[in-house]
Each structure stands twice: as structure tokens, then as C-alpha cells.
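model.txt, holding compact mmCIF, C-alpha atoms:
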```
# COMPACT_ATOMS: atom_id res chain seq x y z
CA MET A 23 149.31 121.83 -64.46
CA ARG A 24 149.13 118.73 -62.26
CA PRO A 25 148.31 115.50 -64.17
CA ILE A 26 144.92 113.89 -63.58
CA PRO A 27 145.17 111.35 -60.72
CA VAL A 28 145.38 107.80 -62.00
CA PHE A 29 142.13 106.61 -60.38
CA LEU A 30 140.18 109.56 -61.82
CA SER A 31 141.81 108.90 -65.17
CA VAL A 32 140.63 105.30 -65.14
CA MET A 33 137.09 106.37 -64.32
CA LEU A 34 137.11 108.91 -67.15
CA LEU A 35 138.47 106.30 -69.54
CA SER A 36 135.70 103.87 -68.63
CA LEU A 37 133.11 106.55 -69.36
CA ALA A 38 134.70 107.74 -72.59
CA LEU A 39 135.15 104.22 -74.00
CA PRO A 40 132.11 102.11 -73.13
CA LEU A 41 132.50 98.36 -73.08
CA ILE A 42 131.68 96.32 -76.15
CA PRO A 43 130.39 92.78 -75.63
CA ALA A 44 132.79 89.98 -76.51
CA HIS A 45 130.69 88.91 -79.48
CA ALA A 46 130.93 92.46 -80.88
CA GLN A 47 134.71 92.60 -80.89
CA GLU A 48 136.37 94.16 -83.90
CA ALA A 49 136.73 92.01 -86.99
CA ALA A 50 140.30 90.75 -87.17
CA PRO A 51 142.21 87.69 -88.33
CA THR A 52 141.22 84.62 -86.39
CA ALA A 53 143.54 82.77 -84.04
CA THR A 54 144.39 80.33 -86.83
CA THR A 55 145.57 82.98 -89.28
CA VAL A 56 149.16 82.27 -90.31
CA GLU A 57 151.46 84.94 -91.67
CA GLU A 58 155.21 85.21 -91.74
CA GLY A 59 156.43 86.52 -88.40
CA ILE A 60 153.17 85.94 -86.52
CA ALA A 61 152.54 83.20 -83.97
CA GLU A 62 150.01 80.58 -85.05
CA GLY A 63 147.03 79.33 -83.04
CA PRO A 64 145.84 80.29 -79.55
CA ILE A 65 147.98 82.42 -77.28
CA ASP A 66 150.19 80.33 -74.99
CA LEU A 67 149.44 81.98 -71.66
CA GLN A 68 152.51 80.54 -69.95
CA ARG A 69 154.76 82.02 -72.64
CA PHE A 70 152.90 85.33 -72.58
CA MET A 71 153.49 85.79 -68.87
CA GLY A 72 156.38 87.85 -67.59
CA ARG A 73 157.73 91.31 -68.24
CA TRP A 74 156.60 93.43 -71.22
CA TYR A 75 157.92 96.91 -71.98
CA VAL A 76 155.43 99.35 -73.47
CA ILE A 77 157.21 100.44 -76.65
CA GLY A 78 154.35 102.34 -78.27
CA ARG A 79 150.75 103.28 -77.56
CA VAL A 80 147.91 105.54 -78.52
CA PRO A 81 147.97 107.94 -75.53
CA ASN A 82 144.99 107.59 -73.22
CA PHE A 83 143.68 109.05 -69.96
CA VAL A 84 145.34 106.40 -67.81
CA GLU A 85 148.83 106.26 -69.31
CA ARG A 86 149.33 109.63 -70.99
CA GLY A 87 152.77 111.05 -70.29
CA HIS A 88 154.13 107.99 -68.50
CA VAL A 89 157.71 106.93 -69.20
CA ALA A 90 159.57 103.68 -68.45
CA SER A 91 156.22 101.87 -68.65
CA VAL A 92 156.30 98.14 -67.95
CA ASN A 93 153.61 95.46 -67.47
CA THR A 94 154.41 92.24 -65.62
CA TYR A 95 151.92 89.38 -66.04
CA THR A 96 151.50 86.51 -63.58
CA LEU A 97 149.16 83.59 -64.31
CA ARG A 98 146.77 82.56 -61.54
CA ASP A 99 144.22 79.75 -61.35
CA ASP A 100 141.26 79.50 -63.73
CA ASN A 101 142.79 81.70 -66.44
CA LYS A 102 143.08 84.66 -64.10
CA VAL A 103 146.05 86.98 -64.56
CA ALA A 104 147.62 89.51 -62.20
CA ILE A 105 149.03 92.55 -64.03
CA HIS A 106 151.57 94.79 -62.31
CA TYR A 107 151.97 98.12 -64.14
CA GLN A 108 155.05 100.23 -63.31
CA PHE A 109 155.77 103.72 -64.67
CA ARG A 110 157.20 107.16 -63.95
CA GLU A 111 155.70 110.59 -64.60
CA GLY A 112 159.22 111.63 -65.68
CA PHE A 113 162.66 110.06 -65.43
CA ALA A 114 163.49 112.18 -62.38
CA GLU A 115 160.24 111.13 -60.68
CA PRO A 116 159.73 108.13 -58.37
CA GLU A 117 158.43 104.88 -59.80
CA GLU A 118 154.70 104.33 -59.37
CA GLU A 119 152.68 101.17 -59.78
CA ILE A 120 149.14 99.91 -60.31
CA ASP A 121 147.92 96.35 -59.79
CA ILE A 122 145.24 95.09 -62.16
CA ARG A 123 143.43 91.77 -62.35
CA ALA A 124 142.31 90.10 -65.55
CA LYS A 125 140.21 87.14 -66.71
CA VAL A 126 141.10 85.42 -69.99
CA ASP A 127 138.39 84.15 -72.34
CA GLU A 128 139.52 80.64 -73.31
CA ASP A 129 136.99 80.49 -76.17
CA SER A 130 138.84 83.37 -77.86
CA GLY A 131 142.09 81.44 -78.13
CA ASN A 132 143.21 83.30 -74.99
CA ARG A 133 143.16 86.56 -76.98
CA ARG A 134 140.29 88.42 -75.30
CA TRP A 135 140.86 89.64 -71.75
CA ARG A 136 138.54 91.40 -69.35
CA THR A 137 140.46 93.55 -66.87
CA TRP A 138 139.52 95.38 -63.68
CA PHE A 139 141.24 98.46 -62.28
CA TYR A 140 140.95 98.85 -58.51
CA ARG A 141 138.61 95.81 -58.58
CA VAL A 142 135.71 97.92 -59.86
CA VAL A 143 136.47 99.50 -63.24
CA PRO A 144 136.13 96.92 -66.06
CA THR A 145 137.65 97.17 -69.54
CA HIS A 146 138.34 94.79 -72.44
CA THR A 147 141.60 94.23 -74.28
CA ARG A 148 142.59 91.84 -77.07
CA ILE A 149 145.93 90.30 -78.00
CA LEU A 150 145.98 90.92 -81.74
CA GLU A 151 149.30 89.34 -82.64
CA VAL A 152 152.44 87.94 -81.03
CA ALA A 153 155.82 87.08 -82.49
CA PRO A 154 156.59 83.36 -82.83
CA ASP A 155 159.22 83.72 -80.10
CA TYR A 156 156.96 85.99 -78.01
CA SER A 157 159.44 88.85 -78.32
CA TRP A 158 156.76 91.41 -79.23
CA ALA A 159 152.98 91.70 -79.08
CA LEU A 160 150.26 93.92 -80.51
CA ILE A 161 147.41 94.73 -78.11
CA GLY A 162 144.09 96.28 -79.08
CA TYR A 163 140.98 97.72 -77.49
CA PRO A 164 137.38 97.30 -78.70
CA GLY A 165 136.45 100.12 -81.02
CA ARG A 166 140.08 100.65 -82.14
CA GLU A 167 140.49 103.81 -80.04
CA MET A 168 143.60 102.47 -78.34
CA ALA A 169 146.47 100.13 -79.13
CA TRP A 170 149.83 99.13 -77.71
CA ILE A 171 153.11 97.69 -78.96
CA PHE A 172 154.83 95.52 -76.34
CA ALA A 173 158.32 94.00 -76.34
CA ARG A 174 160.40 91.86 -74.03
CA GLU A 175 163.28 94.33 -74.23
CA PRO A 176 163.13 98.11 -73.62
CA ASP A 177 164.60 98.88 -77.05
CA MET A 178 163.13 98.21 -80.48
CA ASP A 179 164.76 99.10 -83.78
CA ASN A 180 162.97 101.62 -85.97
CA ALA A 181 162.31 99.17 -88.81
CA THR A 182 160.50 96.68 -86.56
CA TYR A 183 158.52 99.45 -84.89
CA ARG A 184 157.38 100.81 -88.27
CA GLN A 185 156.36 97.35 -89.45
CA LEU A 186 154.28 96.74 -86.32
CA ALA A 187 152.69 100.19 -86.53
CA THR A 188 151.78 99.46 -90.16
CA ARG A 189 150.11 96.19 -89.12
CA LEU A 190 148.04 98.05 -86.52
CA ARG A 191 146.93 100.52 -89.19
CA ASP A 192 146.34 98.20 -92.14
CA LYS A 193 144.96 95.09 -90.42
CA TYR A 194 143.18 96.54 -87.37
CA ASP A 195 142.19 100.05 -88.52
CA VAL A 196 144.03 101.73 -85.63
CA ASN A 197 144.61 105.44 -86.20
CA THR A 198 148.39 105.26 -86.00
CA ASP A 199 148.66 109.02 -86.59
CA LYS A 200 148.06 109.11 -82.82
CA LEU A 201 150.51 106.32 -82.01
CA LYS A 202 153.48 107.47 -79.92
CA ARG A 203 156.65 105.73 -78.85
CA VAL A 204 157.09 105.49 -75.08
CA PRO A 205 160.43 106.76 -73.75
CA GLN A 206 162.20 103.95 -71.93
CA HIS A 207 165.45 105.92 -71.56
CA PRO A 208 166.02 109.62 -70.68
CA GLN A 209 167.81 110.27 -73.98
CA GLN A 210 164.62 109.45 -75.89
CA VAL A 211 162.74 112.42 -74.38
CA ASP A 212 161.97 115.14 -76.95
CA LYS A 213 162.86 112.90 -79.88
CA LEU A 214 160.50 112.89 -82.85
CA GLY A 215 157.62 110.43 -82.46
CA PHE A 216 158.06 109.92 -78.70
CA GLU A 217 155.40 110.81 -76.17
CA VAL A 218 156.11 113.85 -73.98
CA PRO A 219 156.53 112.99 -70.26
CA ASN A 220 154.20 114.56 -67.74
CA LYS A 221 157.24 115.93 -65.93
CA LYS A 222 160.69 116.75 -67.31
```

Could you render the structure as C-alpha cells?
Amino acid sequence: MRPIPVFLSVMLLSLALPLIPAHAQEAAPTATTVEEGIAEGPIDLQRFMGRWYVIGRVPNFVERGHVASVNTYTLRDDNKVAIHYQFREGFAEPEEEIDIRAKVDEDSGNRRWRTWFYRVVPTHTRILEVAPDYSWALIGYPGREMAWIFAREPDMDNATYRQLATRLRDKYDVNTDKLKRVPQHPQQVDKLGFEVPNKK
């Protein structure tokens, strides 16, 4: 069966997961929370920019079945960010891309972002945690239906992945039973815990 077109997927996602106002965001540690292995204070937008590999995610209408998923962030004026999402439906398939624009809420310590797909479909995301060296990041969605694990490199060791998944579950109430690793290499397809590509 042919996968749902990306634009239709985004529209369905926006209907299935209605927006939650910024003041109603999920309860989570504040930007000043300090724990071992977690960056302190507001997010440094300049350091956050650049290439992030999608290591794990709760599958959703937009990204389900994508492999080799990568987000590249570019900072614009007035806390605006351009997001370039690249992916494949399978490793033998051509690379596809989506351009997304975002606005960062400075009052949130640069952690709450409002994004627009195709300039018309708005969503909210939140940077939950980043490593002190900005080598990984945990991203959440209002309502805890979705979450992502990002990294600067396409590979992450199992121990680190399990620790980050545990943080999503224990600190942010994400249902990590649904969390799947994203194949970044063909040899990861069909391995336990990895998402199944749309096309093999």
C-alpha cells in the first residue's frame, strides 16, 4: 500500500494532535534544572543550530517509516529558524526533503518552538534536554504523544540510547513502549527496536 503523502500526513497530524497554548505546556524541569549530563540554563541557539540525526522517535503520521532522517537548523533574524528535513522512504529510494520554518519563544529559555509546515500548518515542540556539549537532544511535543532523540552523529551506543529513553519515560511521561530507533544505515533494517521502513 502506498504511504500517505507527506502533506496529507501533516494535515492529519495537526487534526489528531490539537495545539496546546504555551502556558499549558507539560510540566517539566525548568531551564535552570541542573543534573549530571544535562546542559544548564537556556538553550544556546547558536550551538543548537546545524545537523541533527534522528536517532529515535515515537512514530507519527509525518515521519512514520522514514529512514536516514536528518534535521538541519539555520538561525535567522528575530529568533526565527529554518529547518531542513531530509529522509528516505527506504534506503534504495531517493532522498526527499521538507522545509519548515520555526519561531523560538525567548521567554521559555529558547526551549519552546512554534513550527509551520508548508507555511500553514502550525505545531509546537519543546527542547526538553541537551547534552552539555550539544551532542544529543531530547525533543518533546505538548501532550506527550510524540518525542524524539537527536544526535550529532548517525550512530549512538545502546547504553546512551537506553538512558535517554528512560529519561523520556521517567521525567516527561512519554510512552516509550512506542519509541522506535530510526535506521540510519541499511544494516539496521529489521533489527529489534528499529522502525520498519516504508519501502525495503

Show me a table, sorted first by chain and then by increasing residue number, of the residues of stretch 47-129 of chain A having an atom at most 12 Å from stretch 200-214 of chain A, each with its shortest atom pair and the distance in Å to one decimal, counting only C-alpha atoms and written as a tab-separated table.
```
residue	atom	partner	partner_atom	distance
A:Trp74	CA	A:Gln206	CA	11.9
A:Tyr75	CA	A:Gln206	CA	8.2
A:Val76	CA	A:Val204	CA	6.6
A:Ile77	CA	A:Val204	CA	5.3
A:Gly78	CA	A:Arg203	CA	4.1
A:Arg79	CA	A:Leu201	CA	5.4
A:Val80	CA	A:Leu201	CA	4.4
A:Pro81	CA	A:Lys202	CA	7.1
A:Asn82	CA	A:Lys200	CA	10.2
A:Glu85	CA	A:Val204	CA	10.1
A:Arg86	CA	A:Val204	CA	9.7
A:Gly87	CA	A:Val204	CA	8.5
A:His88	CA	A:Val204	CA	7.6
A:Val89	CA	A:Pro205	CA	5.3
A:Ala90	CA	A:Gln206	CA	4.4
A:Ser91	CA	A:Gln206	CA	7.1
A:Val92	CA	A:Gln206	CA	9.2
A:Gln108	CA	A:Gln206	CA	11.8
A:Phe109	CA	A:Gln206	CA	9.7
A:Arg110	CA	A:Gln206	CA	9.9
A:Glu111	CA	A:Pro205	CA	11.0
A:Gly112	CA	A:Pro208	CA	8.7
A:Phe113	CA	A:Pro208	CA	6.2
A:Ala114	CA	A:Pro208	CA	9.0
A:Glu115	CA	A:Pro208	CA	11.6
```

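The spacing separating atom CA of A:Arg123 from atom CA of A:Ala104 amounts to 4.8 Å.
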
* Please work out which residues fall within 8 Å of (153.9, 94.6, -80.8), coordinates as given in the file, with only C-alpha atoms counting, and return them as number ranges by chain. => A: 77, 151-153, 158-161, 170-173, 183, 186

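The smallest atom-to-atom distance between A:Asp177 and any of A:Leu190, A:Tyr163, A:Ser157, A:Gly63, using only C-alpha atoms, is found for A:Ser157.
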
* **Coordinates-based distance that separates atom CA of A:Lys125 from atom CA of A:Thr96 (Å, one decimal)** => 11.7 Å

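Going from atom CA of A:Pro154 over to atom CA of A:Asn197, you cover 25.3 Å.
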
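The list of residues within 9 Å of (140.2, 97.3, -75.4), counted using all atoms listed in the file, is A:Leu39, A:Leu41, A:Ile42, A:Arg134, A:Trp135, A:Arg136, A:Thr145, A:His146, A:Thr147, A:Arg148, A:Ile161, A:Gly162, A:Tyr163, A:Pro164, A:Gly165, A:Arg166, A:Glu167, A:Met168, A:Ala169.
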
Can you take the partial stretch 155-173 of chain A, add N, CA and C atoms, and return it as a PDB file, in the frame of the given file?
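Dumped everything to part_9.pdb:
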```pdb
ATOM      1  N   ASP A 155     158.396  83.922 -81.292  1.00  0.00           N
ATOM      2  CA  ASP A 155     159.220  83.720 -80.100  1.00  0.00           C
ATOM      3  C   ASP A 155     158.731  84.563 -78.915  1.00  0.00           C
ATOM      4  N   TYR A 156     157.560  85.165 -79.065  1.00  0.00           N
ATOM      5  CA  TYR A 156     156.960  85.990 -78.010  1.00  0.00           C
ATOM      6  C   TYR A 156     157.881  87.136 -77.608  1.00  0.00           C
ATOM      7  N   SER A 157     158.558  87.717 -78.588  1.00  0.00           N
ATOM      8  CA  SER A 157     159.440  88.850 -78.320  1.00  0.00           C
ATOM      9  C   SER A 157     158.728  90.186 -78.447  1.00  0.00           C
ATOM     10  N   TRP A 158     157.586  90.219 -79.151  1.00  0.00           N
ATOM     11  CA  TRP A 158     156.760  91.410 -79.230  1.00  0.00           C
ATOM     12  C   TRP A 158     155.289  91.006 -79.296  1.00  0.00           C
ATOM     13  N   ALA A 159     154.420  91.955 -79.017  1.00  0.00           N
ATOM     14  CA  ALA A 159     152.980  91.700 -79.080  1.00  0.00           C
ATOM     15  C   ALA A 159     152.255  92.981 -79.463  1.00  0.00           C
ATOM     16  N   LEU A 160     151.154  92.818 -80.179  1.00  0.00           N
ATOM     17  CA  LEU A 160     150.260  93.920 -80.510  1.00  0.00           C
ATOM     18  C   LEU A 160     148.972  93.740 -79.704  1.00  0.00           C
ATOM     19  N   ILE A 161     148.591  94.782 -78.977  1.00  0.00           N
ATOM     20  CA  ILE A 161     147.410  94.730 -78.110  1.00  0.00           C
ATOM     21  C   ILE A 161     146.405  95.752 -78.596  1.00  0.00           C
ATOM     22  N   GLY A 162     145.131  95.374 -78.619  1.00  0.00           N
ATOM     23  CA  GLY A 162     144.090  96.280 -79.080  1.00  0.00           C
ATOM     24  C   GLY A 162     142.998  96.451 -78.051  1.00  0.00           C
ATOM     25  N   TYR A 163     142.113  97.399 -78.346  1.00  0.00           N
ATOM     26  CA  TYR A 163     140.980  97.720 -77.490  1.00  0.00           C
ATOM     27  C   TYR A 163     139.741  97.765 -78.365  1.00  0.00           C
ATOM     28  N   PRO A 164     138.611  97.253 -77.881  1.00  0.00           N
ATOM     29  CA  PRO A 164     137.380  97.300 -78.700  1.00  0.00           C
ATOM     30  C   PRO A 164     137.086  98.711 -79.192  1.00  0.00           C
ATOM     31  N   GLY A 165     136.746  98.817 -80.451  1.00  0.00           N
ATOM     32  CA  GLY A 165     136.450 100.120 -81.020  1.00  0.00           C
ATOM     33  C   GLY A 165     137.652 100.778 -81.668  1.00  0.00           C
ATOM     34  N   ARG A 166     138.857 100.190 -81.484  1.00  0.00           N
ATOM     35  CA  ARG A 166     140.080 100.650 -82.140  1.00  0.00           C
ATOM     36  C   ARG A 166     140.561 102.018 -81.653  1.00  0.00           C
ATOM     37  N   GLU A 167     140.042 102.510 -80.519  1.00  0.00           N
ATOM     38  CA  GLU A 167     140.490 103.810 -80.040  1.00  0.00           C
ATOM     39  C   GLU A 167     141.901 103.762 -79.467  1.00  0.00           C
ATOM     40  N   MET A 168     142.298 102.584 -78.991  1.00  0.00           N
ATOM     41  CA  MET A 168     143.600 102.470 -78.340  1.00  0.00           C
ATOM     42  C   MET A 168     144.325 101.238 -78.852  1.00  0.00           C
ATOM     43  N   ALA A 169     145.647 101.269 -78.747  1.00  0.00           N
ATOM     44  CA  ALA A 169     146.470 100.130 -79.130  1.00  0.00           C
ATOM     45  C   ALA A 169     147.835 100.271 -78.479  1.00  0.00           C
ATOM     46  N   TRP A 170     148.516  99.145 -78.346  1.00  0.00           N
ATOM     47  CA  TRP A 170     149.830  99.130 -77.710  1.00  0.00           C
ATOM     48  C   TRP A 170     150.770  98.222 -78.505  1.00  0.00           C
ATOM     49  N   ILE A 171     152.052  98.557 -78.478  1.00  0.00           N
ATOM     50  CA  ILE A 171     153.110  97.690 -78.960  1.00  0.00           C
ATOM     51  C   ILE A 171     153.974  97.317 -77.760  1.00  0.00           C
ATOM     52  N   PHE A 172     154.051  96.022 -77.465  1.00  0.00           N
ATOM     53  CA  PHE A 172     154.830  95.520 -76.340  1.00  0.00           C
ATOM     54  C   PHE A 172     156.083  94.809 -76.857  1.00  0.00           C
ATOM     55  N   ALA A 173     157.115  94.764 -76.019  1.00  0.00           N
ATOM     56  CA  ALA A 173     158.320  94.000 -76.340  1.00  0.00           C
ATOM     57  C   ALA A 173     158.955  93.496 -75.059  1.00  0.00           C
TER      58      ALA A 173
END
```
